[in-house]
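Student: Before anything else, here's the structure in question.
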Amino acid sequence: MTDARLRRGRGSLAVSFFVQGVTFALLVTRIPAIQDRYGISDGLLPAFLAAVPVLAGVASVATEKVVARVGPAVVLRWAQPFVLLALLSVGLGSELWHAAVALGFFGIAVGVLDASMNMLGVSLQRAYGRSIMLGFHASYSLGGIAGASLAWVGAHWHLSLFVSYLPVVAVLLPVAFVGSRWYVSGEGSVPVEAGEGKGSGVVLKVLLPLCLVMTFAYIGDSTVSNWSAKYLQDVLGGSEELATVPYNAYMVTTLIGRAVGDFGVRRFGAVVVVRAGAVLAGLGFALVALAPGAWVGIAAFTVLGLGLSVIVPQTFAAAGRLFPGASDAAVARLNVFNYVGFLVGSPLVGALGDAWSYRGAMAVPMALVLVTVVYATSFGSREARYGGGHERPRTVDVG
């Protein structure tokens, strides 16, 4: 019975990751359309994009406190519908302040959702006793592909944002809410070893290398999600329709990398997998910067997706291994650096692009993601393959 409940919990959480992938892709791939609808200038756009991760980071910190009282499953159950409604509200307004309110609402809801979703993923991985975290993020990538494809349909047929978003929200909202009935927490009775207490000073000190890796990875990811459409259209001369393709291509190779990544971690360990991903991501950014045209640029984004695909899931998993007695707190705090990466990456690339060139701006995320090669040793501080039965918790609470 316990195994059956864990399997249902794993499936329902995968659905949640998928829904969030669809939702986020529908937002970021239509940034040019959002900009046009609300008359947001190129100079003001980075400020709007930066506000979302700031609010999400604040919400992630607050989620740690809420989860301590009610558990991550309850928080996630209610956060996901709010994210979907926030997406719909982006397509409803016409004034600049409407966009500010809608994107702010989206940022807060996403912060709560991301933290609680990854908390459940880390705890279920521990219960399974083997690497499964990349599989959840593969579901997110699959959702991103679906969302980017739907965004292409909207751009191709010149549909308004509201018309594009409404049927998607109408389908996914009940699916997510019904699926949340089977969320379970896989946390077991794991002893807390010396140095792994819940004190914030100790946790942050040990977490710091992982926080840096998370920041660098999301600087790279935010560059793709926030600027790939604009880069292809304005720099590489692609059409509005073609501008939705890079993120889709990026998500396809991200899906491939994450679909096979768990097997790679079990076979070679997290350190090798993360280092290989960082090198490949650096190569992808170099190719983006040097691309002579739209189709070469799209190919470069596919390489980039394959490299970045493994880093973030393994960073969350490493935090869970480092702090088995306080994994929810560790994930919530680590998740803040997801938004630090978005906060730094999006405006930085935009500012460099406006002041210098968008091609040159791609050198910044390239250099930062390559630094991950040095910090990858933090992923091996504990056994990172989850391959042996000795790592399975003795007791599992699935209530």
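Letters A, B, ... go to the chains of the structure tokens in the order shown; residues in each chain start at 1; ligands are counted from 1 in the same order.
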Could you pull the residues within 6 Å of region 285-294 of chain A, counting only C-alpha atoms, minus those fewer than 5 positions along the same chain, as a list in words?

Tutor: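 Here the answer would be Leu232, Leu236, Gly238, Ala300, Arg359, Met362 and Met366 of chain A.
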
Student: Could those residues be written to a file, using all heavy atoms, as a PDB file, in the first residue's frame?

Tutor:
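The new file selection00.pdb reads:
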ATOM      1  N   LEU A 232      16.020  36.234 -31.355  1.00  0.00           N
ATOM      2  CA  LEU A 232      15.841  35.654 -32.689  1.00  0.00           C
ATOM      3  C   LEU A 232      15.171  36.640 -33.637  1.00  0.00           C
ATOM      4  O   LEU A 232      15.512  36.708 -34.817  1.00  0.00           O
ATOM      5  CB  LEU A 232      15.020  34.368 -32.605  1.00  0.00           C
ATOM      6  CG  LEU A 232      15.262  33.435 -33.790  1.00  0.00           C
ATOM      7  CD1 LEU A 232      16.488  32.575 -33.545  1.00  0.00           C
ATOM      8  CD2 LEU A 232      14.062  32.565 -34.066  1.00  0.00           C
ATOM      9  N   LEU A 236      18.698  38.125 -35.012  1.00  0.00           N
ATOM     10  CA  LEU A 236      18.925  37.135 -36.060  1.00  0.00           C
ATOM     11  C   LEU A 236      17.927  37.228 -37.211  1.00  0.00           C
ATOM     12  O   LEU A 236      17.975  36.428 -38.140  1.00  0.00           O
ATOM     13  CB  LEU A 236      18.899  35.721 -35.468  1.00  0.00           C
ATOM     14  CG  LEU A 236      19.958  35.447 -34.374  1.00  0.00           C
ATOM     15  CD1 LEU A 236      19.895  34.002 -33.912  1.00  0.00           C
ATOM     16  CD2 LEU A 236      21.353  35.785 -34.875  1.00  0.00           C
ATOM     17  N   GLY A 238      14.567  36.755 -37.413  1.00  0.00           N
ATOM     18  CA  GLY A 238      13.461  35.824 -37.530  1.00  0.00           C
ATOM     19  C   GLY A 238      12.110  36.522 -37.464  1.00  0.00           C
ATOM     20  O   GLY A 238      12.000  37.658 -37.009  1.00  0.00           O
ATOM     21  N   ALA A 300      21.614  26.379 -31.794  1.00  0.00           N
ATOM     22  CA  ALA A 300      22.445  26.695 -30.627  1.00  0.00           C
ATOM     23  C   ALA A 300      21.640  26.605 -29.339  1.00  0.00           C
ATOM     24  O   ALA A 300      22.138  26.116 -28.310  1.00  0.00           O
ATOM     25  CB  ALA A 300      23.041  28.092 -30.780  1.00  0.00           C
ATOM     26  N   ARG A 359      24.638  40.071 -28.834  1.00  0.00           N
ATOM     27  CA  ARG A 359      25.592  38.976 -29.060  1.00  0.00           C
ATOM     28  C   ARG A 359      26.657  38.972 -27.971  1.00  0.00           C
ATOM     29  O   ARG A 359      26.980  37.930 -27.401  1.00  0.00           O
ATOM     30  CB  ARG A 359      26.236  39.119 -30.443  1.00  0.00           C
ATOM     31  CG  ARG A 359      25.310  38.817 -31.621  1.00  0.00           C
ATOM     32  CD  ARG A 359      26.078  38.897 -32.927  1.00  0.00           C
ATOM     33  NE  ARG A 359      25.228  38.698 -34.089  1.00  0.00           N
ATOM     34  CZ  ARG A 359      24.911  37.519 -34.599  1.00  0.00           C
ATOM     35  NH1 ARG A 359      25.397  36.416 -34.048  1.00  0.00           N
ATOM     36  NH2 ARG A 359      24.132  37.424 -35.661  1.00  0.00           N
ATOM     37  N   MET A 362      25.726  37.623 -24.468  1.00  0.00           N
ATOM     38  CA  MET A 362      25.663  36.182 -24.258  1.00  0.00           C
ATOM     39  C   MET A 362      26.930  35.616 -23.616  1.00  0.00           C
ATOM     40  O   MET A 362      26.932  34.500 -23.098  1.00  0.00           O
ATOM     41  CB  MET A 362      25.406  35.465 -25.586  1.00  0.00           C
ATOM     42  CG  MET A 362      24.040  35.751 -26.185  1.00  0.00           C
ATOM     43  SD  MET A 362      22.706  35.163 -25.108  1.00  0.00           S
ATOM     44  CE  MET A 362      21.333  36.137 -25.739  1.00  0.00           C
ATOM     45  N   MET A 366      27.471  32.606 -20.396  1.00  0.00           N
ATOM     46  CA  MET A 366      28.408  31.554 -20.796  1.00  0.00           C
ATOM     47  C   MET A 366      29.509  31.395 -19.753  1.00  0.00           C
ATOM     48  O   MET A 366      29.805  30.282 -19.302  1.00  0.00           O
ATOM     49  CB  MET A 366      29.025  31.881 -22.152  1.00  0.00           C
ATOM     50  CG  MET A 366      30.042  30.853 -22.631  1.00  0.00           C
ATOM     51  SD  MET A 366      30.962  31.393 -24.106  1.00  0.00           S
ATOM     52  CE  MET A 366      32.013  32.666 -23.381  1.00  0.00           C
TER      53      MET A 366
END

Student: Please identify all polymer residues within 12 Å of Val224 (chain A), counting only C-alpha atoms, omitting same-chain residues fewer than 4 positions from it, and present them as a ChimeraX atom specification.

Tutor: /A:25,28-29,217-220,228-232,243-251,254,281,284-285,288,297-298,300-305,308,342,345-346,349-350,362,365-366

Student: Could you tell me how far CA of Ala109 (chain A) sits from CA of Val15 (chain A), in Å to one decimal place?

Tutor: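 Between these atoms lies a distance of 17.5 Å.
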
Student: Using only C-alpha atoms, which residue out of A:Ser16, A:Asn338, A:Thr215, A:Ser164 lies closest to Val371 (chain A)?

Tutor: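 For Val371 (chain A), the nearest of the given residues is A:Thr215.
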
Student: Which of these residues is nearest to Gly135 (chain A), using only C-alpha atoms: A:Ser357, A:Gln314, A:Ser41, A:Ser60?

Tutor: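 Comparing A:Ser357, A:Gln314, A:Ser41, A:Ser60 against Gly135 (chain A), the winner is A:Gln314.
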
Student: Work out how far apart CA of Ala62 (chain A) and CA of Leu120 (chain A) are and give it in Å to one decimal.

Tutor: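 About the pair CA of Ala62 (chain A) and CA of Leu120 (chain A): they are 16.6 Å apart.
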
Student: If we count only C-alpha atoms, what is near Ala115 (chain A) at a cut-off of 6 Å, once residues fewer than 2 positions away on the same chain are taken out, given as a list in words?

Tutor: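 Once the adjacent positions are removed, what remains is Ser60, Val112, Leu113, Met117, Asn118 and Ala332 of chain A.
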
Student: Could you dump the residues just selected with all heavy atoms as a short mmCIF file (atom, residue, chain, number, x, y, z; two decimals), in the first residue's frame?

Tutor:
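And here's out.cif as it stands now:
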data_model
loop_
_atom_site.label_atom_id
_atom_site.label_comp_id
_atom_site.auth_asym_id
_atom_site.auth_seq_id
_atom_site.Cartn_x
_atom_site.Cartn_y
_atom_site.Cartn_z
N SER A 60 8.94 32.64 -1.81
CA SER A 60 9.62 31.38 -1.50
C SER A 60 10.09 31.35 -0.04
O SER A 60 9.96 30.33 0.64
CB SER A 60 10.81 31.18 -2.44
OG SER A 60 11.45 29.95 -2.20
N VAL A 112 5.69 30.54 -4.44
CA VAL A 112 5.11 29.55 -3.54
C VAL A 112 5.08 28.18 -4.20
O VAL A 112 5.43 27.15 -3.58
CB VAL A 112 3.69 29.98 -3.13
CG1 VAL A 112 3.03 28.90 -2.27
CG2 VAL A 112 3.74 31.30 -2.37
N LEU A 113 4.68 28.15 -5.46
CA LEU A 113 4.56 26.88 -6.18
C LEU A 113 5.92 26.20 -6.37
O LEU A 113 6.07 25.00 -6.11
CB LEU A 113 3.88 27.11 -7.53
CG LEU A 113 3.60 25.86 -8.37
CD1 LEU A 113 2.28 25.99 -9.09
CD2 LEU A 113 4.71 25.63 -9.40
N MET A 117 6.71 22.58 -4.70
CA MET A 117 6.81 21.51 -5.68
C MET A 117 8.16 20.78 -5.55
O MET A 117 8.21 19.55 -5.57
CB MET A 117 6.66 22.12 -7.08
CG MET A 117 6.38 21.14 -8.19
SD MET A 117 5.72 21.99 -9.69
CE MET A 117 7.03 23.15 -10.04
N ASN A 118 9.23 21.53 -5.40
CA ASN A 118 10.55 20.90 -5.28
C ASN A 118 10.76 20.27 -3.91
O ASN A 118 11.49 19.29 -3.78
CB ASN A 118 11.64 21.92 -5.59
CG ASN A 118 11.80 22.15 -7.08
OD1 ASN A 118 12.27 21.28 -7.80
ND2 ASN A 118 11.39 23.32 -7.55
N ALA A 332 13.64 25.53 0.28
CA ALA A 332 13.03 26.87 0.23
C ALA A 332 14.10 27.94 0.10
O ALA A 332 13.97 28.89 -0.67
CB ALA A 332 12.17 27.10 1.47
#

Student: Give me the residues near region 96-99 of chain A as a list of chain:residue names, where near means some atom within 10 Å (using only C-alpha atoms) and where sequence neighbours in that chain fewer than 2 positions away do not count.

Tutor: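 Counting only C-alpha atoms, the residues come to A:Ile34, A:Gln35, A:Arg37, A:Tyr38, A:Gly39, A:Ile40, A:Phe48, A:Ser89, A:Val90, A:Gly91, A:Leu92, A:Gly93, A:Ser94, A:Val101, A:Ala102, A:Leu103, A:Gly104, A:Phe105.
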
Student: One number please: CA of Pro324 (chain A) to CA of Ser12 (chain A), in Å, one decimal.

Tutor: 23.0 Å

Student: Of the candidates A:Phe316, A:Trp78, A:Phe162, A:Phe17, which one gets nearest to Ser378 (chain A) if we count only C-alpha atoms?

Tutor: A:Phe316

Student: Env of Ala59 (chain A): 8 Å cut, atoms = only C-alpha atoms, seq-sep filter 2 positions within chain, self excluded. Answer as a compact mmCIF listing (two decimals) with all heavy atoms, in the first residue's frame.

Tutor:
# COMPACT_ATOMS: atom_id res chain seq x y z
N LEU A 55 9.46 39.23 -6.40
CA LEU A 55 8.28 38.82 -5.64
C LEU A 55 8.27 37.31 -5.41
O LEU A 55 7.85 36.84 -4.35
CB LEU A 55 7.02 39.26 -6.38
CG LEU A 55 6.80 40.77 -6.45
CD1 LEU A 55 5.65 41.11 -7.38
CD2 LEU A 55 6.55 41.33 -5.05
N ALA A 56 8.74 36.55 -6.40
CA ALA A 56 8.79 35.10 -6.24
C ALA A 56 9.77 34.70 -5.14
O ALA A 56 9.51 33.77 -4.36
CB ALA A 56 9.18 34.44 -7.56
N GLY A 57 10.91 35.38 -5.06
CA GLY A 57 11.88 35.09 -4.01
C GLY A 57 11.33 35.37 -2.63
O GLY A 57 11.52 34.59 -1.69
N VAL A 61 10.62 32.48 0.44
CA VAL A 61 11.04 32.56 1.84
C VAL A 61 9.84 32.37 2.76
O VAL A 61 9.91 31.64 3.76
CB VAL A 61 11.72 33.91 2.11
CG1 VAL A 61 11.99 34.08 3.61
CG2 VAL A 61 13.02 34.02 1.33
N ALA A 62 8.74 33.02 2.43
CA ALA A 62 7.54 32.89 3.25
C ALA A 62 6.99 31.47 3.22
O ALA A 62 6.42 30.98 4.22
CB ALA A 62 6.46 33.87 2.77
N THR A 63 7.17 30.77 2.11
CA THR A 63 6.66 29.41 1.98
C THR A 63 7.29 28.47 3.01
O THR A 63 6.63 27.55 3.52
CB THR A 63 6.93 28.87 0.57
OG1 THR A 63 6.30 29.73 -0.38
CG2 THR A 63 6.39 27.46 0.39
N ILE A 108 4.38 36.16 -7.25
CA ILE A 108 4.13 35.66 -5.89
C ILE A 108 3.66 34.20 -5.93
O ILE A 108 4.15 33.35 -5.18
CB ILE A 108 3.08 36.55 -5.18
CG1 ILE A 108 3.67 37.93 -4.93
CG2 ILE A 108 2.63 35.91 -3.87
CD1 ILE A 108 2.67 38.95 -4.44
N ALA A 109 2.72 33.91 -6.80
CA ALA A 109 2.18 32.55 -6.88
C ALA A 109 3.24 31.55 -7.33
O ALA A 109 3.32 30.43 -6.81
CB ALA A 109 0.98 32.52 -7.83
N GLY A 111 6.49 31.75 -6.87
CA GLY A 111 7.44 31.53 -5.78
C GLY A 111 6.96 30.47 -4.80
O GLY A 111 7.73 29.59 -4.39
N VAL A 112 5.69 30.54 -4.44
CA VAL A 112 5.11 29.55 -3.54
C VAL A 112 5.08 28.18 -4.20
O VAL A 112 5.43 27.15 -3.58
CB VAL A 112 3.69 29.98 -3.13
CG1 VAL A 112 3.03 28.90 -2.27
CG2 VAL A 112 3.74 31.30 -2.37

Student: Need to verify the contact set: Asp354 (chain A), 10 Å, only C-alpha atoms, exclusion of same-chain residues closer than 5 positions in sequence. Can you return it as a count of residues only?

Tutor: 5
